[in-house]
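Below is start.cif, holding mmCIF, C-alpha atoms.
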```
data_start
#
loop_
_atom_site.label_atom_id
_atom_site.label_comp_id
_atom_site.auth_asym_id
_atom_site.auth_seq_id
_atom_site.Cartn_x
_atom_site.Cartn_y
_atom_site.Cartn_z
CA MET A 1 106.28 -143.72 -43.15
CA LYS A 2 102.80 -144.41 -41.84
CA VAL A 3 100.85 -146.50 -44.31
CA SER A 4 97.70 -144.49 -43.74
CA ASN A 5 99.53 -141.49 -45.19
CA ALA A 6 100.81 -143.28 -48.29
CA LEU A 7 98.06 -142.08 -50.62
CA SER A 8 96.96 -139.02 -48.67
CA GLY A 9 98.26 -136.59 -51.29
CA ILE A 10 96.09 -138.01 -54.06
CA SER A 11 92.39 -137.32 -54.41
CA ARG A 12 89.83 -139.83 -55.60
CA ARG A 13 89.23 -137.64 -58.67
CA ASP A 14 92.94 -137.72 -59.57
CA LEU A 15 93.01 -141.50 -59.11
CA PHE A 16 90.04 -141.88 -61.44
CA ARG A 17 91.76 -139.66 -64.00
CA LEU A 18 94.96 -141.71 -63.89
CA THR A 19 92.94 -144.92 -64.11
CA GLY A 20 91.14 -143.60 -67.17
CA GLN A 21 94.46 -142.68 -68.80
CA PHE A 22 96.59 -145.73 -67.97
CA GLY A 23 94.13 -148.37 -66.80
CA LEU A 24 93.47 -149.64 -63.30
CA SER A 25 96.14 -152.36 -63.35
CA SER A 26 98.95 -150.02 -64.41
CA VAL A 27 98.01 -147.50 -61.71
CA VAL A 28 97.78 -150.17 -59.02
CA MET A 29 101.01 -151.92 -60.03
CA GLY A 30 102.78 -148.57 -60.33
CA ALA A 31 101.59 -147.56 -56.86
CA GLY A 32 102.71 -150.89 -55.44
CA ALA A 33 106.23 -150.35 -56.78
CA LEU A 34 106.66 -146.93 -55.16
CA THR A 35 108.40 -146.40 -51.84
CA GLY A 36 107.80 -143.45 -49.57
CA ALA A 37 104.80 -141.11 -49.64
CA MET A 38 102.95 -141.09 -52.93
CA THR A 39 102.28 -137.81 -54.69
CA LEU A 40 100.23 -137.32 -57.82
CA PRO A 41 103.31 -136.63 -60.02
CA SER A 42 105.20 -139.67 -58.67
CA LEU A 43 102.18 -141.94 -59.08
CA ALA A 44 101.55 -140.61 -62.59
CA ARG A 45 105.17 -141.32 -63.58
CA ALA A 46 105.00 -144.81 -62.08
CA ALA A 47 101.68 -145.55 -63.79
CA GLU A 48 102.98 -144.31 -67.16
CA SER A 49 106.20 -146.30 -66.87
CA THR A 50 104.28 -149.41 -65.87
CA TYR A 51 101.80 -148.88 -68.71
CA ASP A 52 104.58 -148.49 -71.30
CA LYS A 53 106.22 -151.74 -70.18
CA ARG A 54 102.99 -153.68 -70.01
CA PHE A 55 101.68 -152.57 -73.39
CA ALA A 56 104.94 -152.75 -75.32
CA LYS A 57 103.50 -155.70 -77.22
CA GLU A 58 100.23 -157.55 -77.58
CA PRO A 59 99.96 -160.40 -75.05
CA LYS A 60 99.12 -163.98 -75.97
CA HIS A 61 96.99 -164.29 -72.83
CA LYS A 62 95.07 -161.72 -70.80
CA LEU A 63 94.27 -162.92 -67.29
CA THR A 64 91.86 -161.16 -64.96
CA LEU A 65 92.80 -161.27 -61.27
CA GLY A 66 89.98 -160.36 -58.88
CA ALA A 67 91.32 -159.34 -55.49
CA ALA A 68 88.43 -158.92 -53.05
CA GLY A 69 89.12 -155.88 -50.85
CA PHE A 70 92.72 -155.24 -51.85
CA ASN A 71 94.03 -151.89 -53.09
CA PRO A 72 97.49 -150.27 -53.09
CA ARG A 73 96.97 -148.88 -49.57
CA ASN A 74 96.03 -152.08 -47.77
CA LEU A 75 98.46 -154.24 -49.75
CA LEU A 76 101.17 -152.31 -47.85
CA ILE A 77 99.57 -153.48 -44.58
CA GLU A 78 98.79 -157.15 -45.18
CA ARG A 79 101.52 -158.25 -47.53
CA ALA A 80 99.61 -160.82 -49.57
CA GLY A 81 101.95 -160.70 -52.60
CA VAL A 82 99.27 -160.20 -55.25
CA LEU A 83 100.84 -157.23 -57.02
CA GLU A 84 104.33 -158.72 -56.81
CA PHE A 85 103.01 -161.86 -58.47
CA ALA A 86 101.27 -159.97 -61.28
CA ARG A 87 104.23 -157.69 -61.97
CA ASP A 88 106.74 -160.52 -61.97
CA LEU A 89 104.60 -162.72 -64.21
CA GLU A 90 104.29 -159.99 -66.83
CA GLU A 91 108.02 -159.28 -66.75
CA ARG A 92 109.02 -162.94 -66.62
CA THR A 93 106.94 -163.75 -69.72
CA GLU A 94 108.09 -160.54 -71.49
CA GLY A 95 104.48 -159.51 -71.98
CA GLU A 96 103.15 -162.83 -73.26
CA ILE A 97 100.84 -162.82 -70.20
CA ARG A 98 99.13 -159.61 -69.14
CA VAL A 99 97.36 -159.54 -65.78
CA GLU A 100 94.41 -157.21 -65.25
CA PHE A 101 94.24 -156.58 -61.51
CA ILE A 102 90.78 -155.61 -60.26
CA GLY A 103 90.66 -155.07 -56.50
CA ASP A 104 88.52 -153.21 -53.96
CA ASN A 105 85.62 -155.65 -54.42
CA GLN A 106 84.96 -154.20 -57.87
CA ILE A 107 84.61 -157.57 -59.61
CA CYS A 108 84.32 -159.99 -56.68
CA GLY A 109 84.34 -160.10 -52.89
CA GLN A 110 85.71 -162.40 -50.21
CA LEU A 111 82.78 -164.80 -50.47
CA ASN A 112 82.34 -165.05 -54.25
CA CYS A 113 85.80 -164.57 -55.85
CA VAL A 114 86.20 -168.35 -55.76
CA GLU A 115 82.92 -168.99 -57.59
CA LYS A 116 83.63 -166.33 -60.22
CA THR A 117 86.95 -168.08 -60.92
CA GLN A 118 85.30 -171.48 -61.13
CA THR A 119 82.66 -170.19 -63.58
CA GLY A 120 85.15 -168.33 -65.77
CA VAL A 121 84.13 -164.74 -64.98
CA ILE A 122 87.72 -164.16 -63.81
CA ASP A 123 90.88 -166.25 -64.19
CA MET A 124 92.52 -165.78 -60.78
CA TYR A 125 91.51 -164.49 -57.39
CA ALA A 126 92.92 -163.43 -54.03
CA ALA A 127 90.81 -163.97 -50.90
CA SER A 128 91.04 -165.87 -47.64
CA THR A 129 90.79 -169.64 -47.86
CA GLN A 130 88.27 -169.49 -45.02
CA ASN A 131 85.86 -167.21 -46.90
CA SER A 132 86.49 -169.19 -50.09
CA ALA A 133 85.59 -172.47 -48.40
CA GLY A 134 81.92 -171.87 -49.17
CA GLY A 135 82.57 -172.35 -52.88
CA ALA A 136 85.49 -174.76 -52.47
CA PRO A 137 84.81 -176.82 -49.33
CA TYR A 138 88.09 -178.75 -49.59
CA LEU A 139 89.83 -175.56 -48.39
CA ASN A 140 88.48 -176.47 -44.95
CA VAL A 141 91.42 -178.91 -44.83
CA LEU A 142 93.59 -176.02 -43.56
CA ASP A 143 91.25 -175.21 -40.68
CA TYR A 144 91.55 -178.05 -38.18
CA ALA A 145 92.15 -176.41 -34.79
CA TYR A 146 95.79 -176.22 -33.63
CA MET A 147 97.03 -178.26 -36.58
CA PHE A 148 99.67 -175.56 -37.12
CA PRO A 149 101.64 -174.52 -34.02
CA SER A 150 103.11 -171.38 -35.61
CA ARG A 151 103.27 -169.18 -38.69
CA ALA A 152 106.60 -170.85 -39.46
CA SER A 153 104.88 -174.23 -39.63
CA GLN A 154 102.31 -172.82 -42.07
CA TYR A 155 105.02 -171.58 -44.43
CA HIS A 156 106.91 -174.84 -44.09
CA PHE A 157 103.83 -176.79 -45.15
CA LEU A 158 103.11 -174.56 -48.15
CA TYR A 159 106.71 -174.96 -49.35
CA SER A 160 106.67 -178.71 -48.81
CA PRO A 161 106.04 -181.15 -51.68
CA GLU A 162 103.58 -182.72 -49.24
CA SER A 163 101.33 -179.71 -49.81
CA GLN A 164 100.97 -180.87 -53.43
CA ARG A 165 99.59 -184.23 -52.38
CA ILE A 166 97.52 -183.15 -49.38
CA LEU A 167 96.25 -179.69 -50.36
CA ARG A 168 96.85 -178.64 -53.93
CA GLU A 169 96.07 -181.73 -55.99
CA PRO A 170 92.77 -182.57 -54.25
CA LEU A 171 91.72 -178.91 -54.50
CA GLU A 172 92.49 -178.89 -58.22
CA LYS A 173 90.75 -182.19 -58.85
CA ARG A 174 87.62 -181.41 -56.86
CA HIS A 175 87.19 -177.67 -57.34
CA GLY A 176 89.18 -176.75 -60.47
CA LEU A 177 91.52 -174.39 -58.61
CA LYS A 178 95.30 -174.18 -58.67
CA PHE A 179 96.52 -172.95 -55.28
CA LEU A 180 99.47 -170.64 -56.03
CA PHE A 181 100.66 -168.97 -52.80
CA SER A 182 99.40 -167.53 -49.54
CA HIS A 183 100.13 -165.21 -46.67
CA CYS A 184 100.22 -167.00 -43.30
CA GLU A 185 98.82 -165.93 -39.96
CA LEU A 186 96.90 -167.70 -37.22
CA ARG A 187 93.48 -166.51 -36.16
CA GLY A 188 92.56 -165.02 -32.84
CA ILE A 189 89.67 -163.11 -31.32
CA GLN A 190 89.49 -159.39 -32.03
CA LEU A 191 87.59 -157.85 -29.15
CA GLY A 192 85.50 -154.72 -29.58
CA ASN A 193 84.23 -151.95 -27.34
CA ASN A 194 82.95 -154.29 -24.64
CA PHE A 195 86.58 -154.99 -23.68
CA ALA A 196 87.98 -151.48 -24.10
CA GLU A 197 87.96 -150.72 -20.37
CA LYS A 198 88.82 -154.25 -19.25
CA PRO A 199 92.38 -155.44 -18.48
CA THR A 200 94.28 -157.11 -21.29
CA VAL A 201 93.16 -160.73 -21.59
CA THR A 202 95.61 -163.21 -20.05
CA LYS A 203 93.37 -166.22 -19.35
CA LEU A 204 91.42 -168.30 -21.84
CA GLU A 205 88.42 -168.38 -19.51
CA GLU A 206 88.04 -164.61 -19.90
CA LEU A 207 86.81 -165.30 -23.44
CA PHE A 208 84.31 -168.01 -22.49
CA GLY A 209 80.73 -167.04 -23.28
CA THR A 210 81.64 -164.11 -25.52
CA LYS A 211 79.69 -163.69 -28.75
CA ASN A 212 81.93 -163.59 -31.83
CA ARG A 213 81.51 -163.18 -35.56
CA VAL A 214 82.63 -166.19 -37.60
CA THR A 215 83.75 -166.32 -41.25
CA GLY A 216 82.81 -168.88 -43.90
CA THR A 217 84.84 -171.83 -42.63
CA GLN A 218 82.84 -174.79 -41.37
CA LEU A 219 85.74 -176.19 -39.34
CA GLY A 220 86.39 -172.84 -37.70
CA ARG A 221 82.89 -172.93 -36.25
CA ILE A 222 83.58 -176.30 -34.65
CA ALA A 223 86.64 -174.90 -32.88
CA MET A 224 84.75 -171.81 -31.70
CA GLN A 225 81.86 -173.88 -30.34
CA LEU A 226 84.26 -176.14 -28.43
CA LEU A 227 85.97 -173.06 -26.95
CA ASN A 228 82.62 -171.58 -25.86
CA LEU A 229 83.09 -168.60 -28.20
CA ASN A 230 79.51 -168.57 -29.56
CA PRO A 231 80.15 -168.23 -33.31
CA VAL A 232 77.53 -166.09 -35.05
CA PRO A 233 77.43 -165.30 -38.77
CA VAL A 234 77.37 -161.53 -39.17
CA ALA A 235 77.59 -159.72 -42.52
CA TRP A 236 80.95 -157.97 -42.93
CA GLU A 237 79.32 -154.57 -43.35
CA GLU A 238 77.58 -155.07 -39.97
CA THR A 239 80.66 -156.36 -38.13
CA LEU A 240 82.35 -153.02 -37.53
CA ASP A 241 79.18 -151.45 -36.16
CA GLY A 242 78.50 -154.55 -34.06
CA LEU A 243 81.95 -154.30 -32.43
CA LYS A 244 81.59 -150.57 -31.89
CA GLN A 245 78.11 -150.78 -30.38
CA GLY A 246 78.88 -153.87 -28.33
CA LEU A 247 76.27 -156.01 -30.10
CA ILE A 248 79.00 -158.63 -30.50
CA ASP A 249 82.02 -159.01 -28.26
CA GLY A 250 84.53 -159.90 -30.94
CA ALA A 251 85.31 -161.34 -34.33
CA GLU A 252 87.62 -164.18 -35.31
CA THR A 253 90.28 -163.07 -37.76
CA TRP A 254 94.00 -162.29 -37.77
CA ALA A 255 95.98 -159.20 -36.84
CA SER A 256 96.90 -157.77 -40.24
CA ALA A 257 93.30 -158.27 -41.43
CA VAL A 258 92.18 -155.99 -38.60
CA ALA A 259 94.63 -153.36 -39.79
CA TYR A 260 94.03 -153.61 -43.54
CA ALA A 261 90.24 -153.80 -43.30
CA ASN A 262 90.05 -150.65 -41.16
CA MET A 263 88.80 -152.59 -38.13
CA SER A 264 91.40 -151.05 -35.81
CA PRO A 265 89.24 -148.11 -34.68
CA VAL A 266 86.62 -150.53 -33.28
CA VAL A 267 88.97 -153.23 -31.91
CA SER A 268 90.29 -152.85 -28.35
CA GLN A 269 92.27 -156.09 -27.95
CA SER A 270 93.76 -158.52 -30.47
CA VAL A 271 93.92 -161.87 -28.66
CA ASP A 272 96.49 -164.20 -30.23
CA LEU A 273 94.57 -167.44 -29.77
CA LYS A 274 96.38 -169.10 -32.75
CA PHE A 275 93.54 -171.56 -33.10
CA PHE A 276 93.38 -172.03 -36.85
CA CYS A 277 94.63 -170.67 -40.15
CA GLY A 278 94.29 -167.16 -41.46
CA THR A 279 95.47 -167.60 -45.02
CA GLU A 280 94.91 -164.90 -47.65
CA HIS A 281 95.75 -166.94 -50.72
CA THR A 282 95.87 -166.54 -54.49
CA SER A 283 94.52 -169.27 -56.76
CA MET A 284 93.78 -169.54 -60.47
CA SER A 285 91.49 -171.61 -62.61
CA SER A 286 93.17 -174.93 -63.33
CA ARG A 287 91.40 -174.98 -66.71
CA VAL A 288 93.09 -171.68 -67.62
CA PHE A 289 96.45 -172.91 -66.34
CA ASP A 290 96.20 -176.19 -68.27
CA ALA A 291 95.49 -174.30 -71.50
CA MET A 292 98.80 -172.39 -71.24
CA GLU A 293 101.92 -173.31 -73.17
CA PRO A 294 104.43 -175.27 -71.02
CA HIS A 295 106.91 -172.38 -70.76
CA LEU A 296 104.14 -170.09 -69.52
CA GLN A 297 103.00 -172.69 -66.99
CA ASP A 298 106.57 -172.75 -65.71
CA ALA A 299 106.57 -168.95 -65.52
CA ILE A 300 103.35 -168.91 -63.49
CA MET A 301 104.82 -171.34 -60.97
CA GLU A 302 108.09 -169.41 -60.70
CA SER A 303 106.21 -166.13 -60.17
CA ALA A 304 104.06 -167.84 -57.53
CA TYR A 305 107.26 -169.02 -55.82
CA LEU A 306 108.72 -165.50 -55.89
CA ALA A 307 105.48 -164.12 -54.44
CA GLN A 308 105.52 -166.74 -51.68
CA VAL A 309 109.08 -165.84 -50.71
CA HIS A 310 108.20 -162.14 -50.77
CA VAL A 311 105.14 -162.64 -48.57
CA GLN A 312 107.05 -164.73 -46.04
CA ALA A 313 109.53 -161.92 -45.39
CA ALA A 314 107.39 -158.84 -45.99
CA ASN A 315 104.38 -159.82 -43.90
CA GLU A 316 106.54 -160.79 -40.94
CA ALA A 317 108.12 -157.33 -41.04
CA ALA A 318 104.76 -155.60 -41.55
CA LEU A 319 103.21 -157.34 -38.52
CA VAL A 320 105.74 -155.60 -36.28
CA LYS A 321 106.54 -152.36 -38.11
CA THR A 322 103.21 -151.54 -39.77
CA VAL A 323 100.44 -153.35 -37.91
CA GLY A 324 101.90 -153.16 -34.40
CA PHE A 325 101.26 -156.79 -33.48
CA SER A 326 104.16 -157.11 -31.03
CA ASP A 327 105.14 -156.69 -27.40
CA PRO A 328 106.52 -154.14 -26.87
CA GLN A 329 104.52 -152.32 -29.51
CA LEU A 330 106.28 -149.91 -31.87
CA PRO A 331 104.96 -146.32 -31.86
CA GLY A 332 103.35 -145.04 -35.04
CA THR A 333 101.95 -148.44 -35.99
CA ILE A 334 98.27 -148.89 -36.82
CA PHE A 335 97.48 -150.74 -33.59
CA ALA A 336 99.38 -148.20 -31.47
CA GLU A 337 97.60 -145.25 -33.07
CA ASN A 338 94.20 -146.88 -32.52
CA ASN A 339 94.85 -148.17 -29.00
CA VAL A 340 94.60 -151.82 -30.02
CA ARG A 341 96.33 -153.97 -27.38
CA PRO A 342 97.86 -157.26 -28.57
CA ALA A 343 97.11 -160.01 -26.04
CA PHE A 344 99.67 -162.80 -26.28
CA LEU A 345 98.49 -165.72 -24.17
CA ALA A 346 100.98 -167.84 -22.20
CA ASP A 347 101.83 -171.32 -23.43
CA ASP A 348 99.70 -172.98 -20.75
CA GLN A 349 96.63 -171.07 -21.95
CA ILE A 350 97.22 -172.06 -25.57
CA LYS A 351 97.70 -175.66 -24.43
CA MET A 352 94.38 -175.49 -22.57
CA ALA A 353 92.64 -174.27 -25.71
CA GLU A 354 94.29 -176.99 -27.77
CA GLU A 355 93.13 -179.67 -25.34
CA MET A 356 89.59 -178.30 -25.46
CA CYS A 357 89.13 -178.13 -29.19
CA SER A 358 91.79 -179.83 -31.34
CA PRO A 359 91.22 -183.18 -33.09
CA GLU A 360 94.31 -184.46 -31.28
CA PHE A 361 92.57 -184.28 -27.89
CA ASN A 362 88.89 -184.05 -28.84
CA PRO A 363 88.42 -186.03 -32.07
CA GLU A 364 84.67 -186.76 -32.05
CA PRO A 365 83.33 -183.31 -33.08
CA TRP A 366 85.68 -183.33 -36.08
CA ALA A 367 84.98 -186.89 -37.23
CA GLN A 368 82.33 -186.16 -39.87
CA TRP A 369 84.29 -183.40 -41.59
CA ARG A 370 87.55 -185.31 -41.22
CA GLU A 371 86.05 -188.34 -42.97
CA ARG A 372 84.63 -186.14 -45.73
CA LEU A 373 87.93 -184.36 -46.36
CA ASN A 374 89.85 -187.65 -46.22
CA ASN A 375 87.56 -189.14 -48.88
CA TRP A 376 87.99 -186.10 -51.10
CA ALA A 377 91.78 -186.45 -50.74
CA GLY A 378 91.73 -190.09 -51.83
CA GLY A 379 91.64 -191.73 -48.42
CA ILE A 380 94.62 -190.14 -46.68
CA ASP A 381 94.31 -188.82 -43.12
CA THR A 382 94.40 -185.12 -43.95
CA TYR A 383 94.63 -183.84 -40.39
CA GLN A 384 97.37 -186.20 -39.26
CA GLU A 385 99.50 -185.75 -42.39
CA ILE A 386 99.37 -181.95 -42.29
CA TYR A 387 99.95 -182.07 -38.51
CA ASN A 388 103.08 -184.20 -39.03
CA THR A 389 104.45 -182.02 -41.85
CA ALA A 390 103.89 -178.87 -39.79
CA ARG A 391 106.08 -180.33 -37.04
CA GLU A 392 109.08 -181.23 -39.20
CA ILE A 393 110.74 -177.98 -38.11
CA PRO A 394 111.62 -176.94 -34.52
CA VAL A 395 108.72 -175.28 -32.73
CA ASP A 396 110.77 -172.12 -32.11
CA THR A 397 111.68 -171.59 -35.79
CA LEU A 398 111.12 -167.97 -36.81
CA PRO A 399 108.74 -167.62 -39.78
CA GLU A 400 111.27 -165.59 -41.76
CA ASN A 401 113.83 -168.39 -41.33
CA VAL A 402 111.78 -171.15 -42.98
CA GLU A 403 113.63 -172.47 -46.01
CA PRO A 404 111.81 -171.70 -49.28
CA ARG A 405 111.28 -174.68 -51.59
CA ARG A 406 109.66 -175.11 -54.99
CA TRP A 407 106.81 -177.28 -53.76
CA TRP A 408 105.86 -178.67 -57.17
CA ARG A 409 109.26 -180.35 -57.50
CA ALA A 410 109.77 -183.57 -55.55
CA ALA A 411 113.54 -183.04 -55.13
#
```
Output the file's structure in the form of structure tokens.
Amino acid sequence: MKVSNALSGISRRDLFRLTGQFGLSSVVMGAGALTGAMTLPSLARAAESTYDKRFAKEPKHKLTLGAAGFNPRNLLIERAGVLEFARDLEERTEGEIRVEFIGDNQICGQLNCVEKTQTGVIDMYAASTQNSAGGAPYLNVLDYAYMFPSRASQYHFLYSPESQRILREPLEKRHGLKFLFSHCELRGIQLGNNFAEKPTVTKLEELFGTKNRVTGTQLGRIAMQLLNLNPVPVAWEETLDGLKQGLIDGAETWASAVAYANMSPVVSQSVDLKFFCGTEHTSMSSRVFDAMEPHLQDAIMESAYLAQVHVQAANEAALVKTVGFSDPQLPGTIFAENNVRPAFLADDQIKMAEEMCSPEFNPEPWAQWRERLNNWAGGIDTYQEIYNTAREIPVDTLPENVEPRRWWRAA
């Protein structure tokens, strides 16, 4: 089934009618639970069934989850685990917690979901850590260049108890956010129309001097400057047109983001530079979490763990079977249908990029931010400790083979 066809049988008017009858969250969660092409009758049945389960009793706690640009369609492309988390939490707590999912930028967007959670407008959010770093600068700790050699190493770190000490506890203490789970990819350069007629990129130097959109991460800009990638801040709504018209050469993001955000029609090559994190994470207000009864806190953590395990497997499959980020490329995938060519650089080219921009080989440009992040974390060397944890597993470990662990437990 092509994801783009999943909701094709349902009009916007019918969706609004179902939402008015059963509520947005029940429709979205019902849609997320369906397999195969969705029809209006099947979606209506799923929404009604979901509604009946969710409203069987009055909840003790109602939590609002703002999910930037996510909707049932693109959550089948980039498997960020948001709906799985919400559904499991409601079922696990037998309705004591009810989650109101509000996606499609209706309550918050990539840049301000974090602030709306911090100020109490919403209780949880899903957005990239890079875009959220504006409101929670400690999230920059994930964005040192080439700190993670692979997606497997990212998952290993998030499952590790070390992530409590290095990432989660400082984030909670400084910014009032409880980091629950995340999807894991590594960012590359998504080239637009200017490279449509050019051969597939094989050499790092072919990217030198290109002009590329950058997201909200401060550390990501350092890496791009060191790689001569000319980072320029461009509003998201102007990025697609900029790529299409050739006003910018590319944009730094990850493969499934290209597919889910409908960038594929204006992207010609997806260059797998792997130079820093692309992590679409879900966090909640630590104040809200701390106010929960202990058994409900346990339930939130267990549902976060389930979502993390789901994401690890589902997004790896979706990258190949849905997005088309593979070589050879599967027919019928989003990249194949839009003539997006994945460009997987050879190891020597990645090593060249690492030697140009990583703190390991070029520490001075990172020193100010590294000192700041280290101070926020209580004096530990954030880069070196994450770097070491990321390399506890063999470099050729497949992401789907990383052992899941409950990171909040020491044993």
Residues around (91.5, -164.5, -34.7), cut-off 9 Å, counting all atoms listed in the file - what are they as a ChimeraX atom specification? /A:186-190,251-255,270-278
Counting only C-alpha atoms, which residues of range 308-374 of chain A sit at most 12 Å from some atom of range 129-140 of chain A, and what is each one's closest atom pair with its distance in Å to one decimal, listed by chain and rising residue number, as JSON lines?
```
{"residue": "A:Trp366", "atom": "CA", "partner": "A:Asn140", "partner_atom": "CA", "distance": 11.6}
{"residue": "A:Trp369", "atom": "CA", "partner": "A:Asn140", "partner_atom": "CA", "distance": 8.8}
{"residue": "A:Arg370", "atom": "CA", "partner": "A:Asn140", "partner_atom": "CA", "distance": 9.6}
{"residue": "A:Glu371", "atom": "CA", "partner": "A:Tyr138", "partner_atom": "CA", "distance": 11.8}
{"residue": "A:Arg372", "atom": "CA", "partner": "A:Tyr138", "partner_atom": "CA", "distance": 9.0}
{"residue": "A:Leu373", "atom": "CA", "partner": "A:Tyr138", "partner_atom": "CA", "distance": 6.5}
{"residue": "A:Asn374", "atom": "CA", "partner": "A:Tyr138", "partner_atom": "CA", "distance": 9.7}
```
On this structure, the PyMOL selection byres ((chain A and resi 74) around 10) would catch which residues? List them as a tab-separated table (two decimals) with C-alpha atoms, keeping the file's coordinate frame, sorted by chain and number.
```
chain	number	residue	atom	x	y	z
A	3	VAL	CA	100.85	-146.50	-44.31
A	4	SER	CA	97.70	-144.49	-43.74
A	69	GLY	CA	89.12	-155.88	-50.85
A	70	PHE	CA	92.72	-155.24	-51.85
A	71	ASN	CA	94.03	-151.89	-53.09
A	72	PRO	CA	97.49	-150.27	-53.09
A	73	ARG	CA	96.97	-148.88	-49.57
A	75	LEU	CA	98.46	-154.24	-49.75
A	76	LEU	CA	101.17	-152.31	-47.85
A	77	ILE	CA	99.57	-153.48	-44.58
A	78	GLU	CA	98.79	-157.15	-45.18
A	79	ARG	CA	101.52	-158.25	-47.53
A	80	ALA	CA	99.61	-160.82	-49.57
A	104	ASP	CA	88.52	-153.21	-53.96
A	256	SER	CA	96.90	-157.77	-40.24
A	257	ALA	CA	93.30	-158.27	-41.43
A	259	ALA	CA	94.63	-153.36	-39.79
A	260	TYR	CA	94.03	-153.61	-43.54
A	261	ALA	CA	90.24	-153.80	-43.30
A	262	ASN	CA	90.05	-150.65	-41.16
```
State, in Å with one decimal place, the distance from CA of Glu94 in chain A to CA of His281 in chain A. 25.0 Å
Give me, as CSV, each residue of range 290-385 of chain A that comes within 7 Å of range 397-401 of chain A, together with its shortest interatomic pair and the distance in Å at one decimal, counting all atoms listed in the file, with rows ordered by chain and rising residue number.
```
residue,atom,partner,partner_atom,distance
A:Gln312,CA,A:Glu400,CA,6.1
A:Ala313,CA,A:Glu400,CA,5.4
A:Glu316,CA,A:Glu400,CA,6.8
```
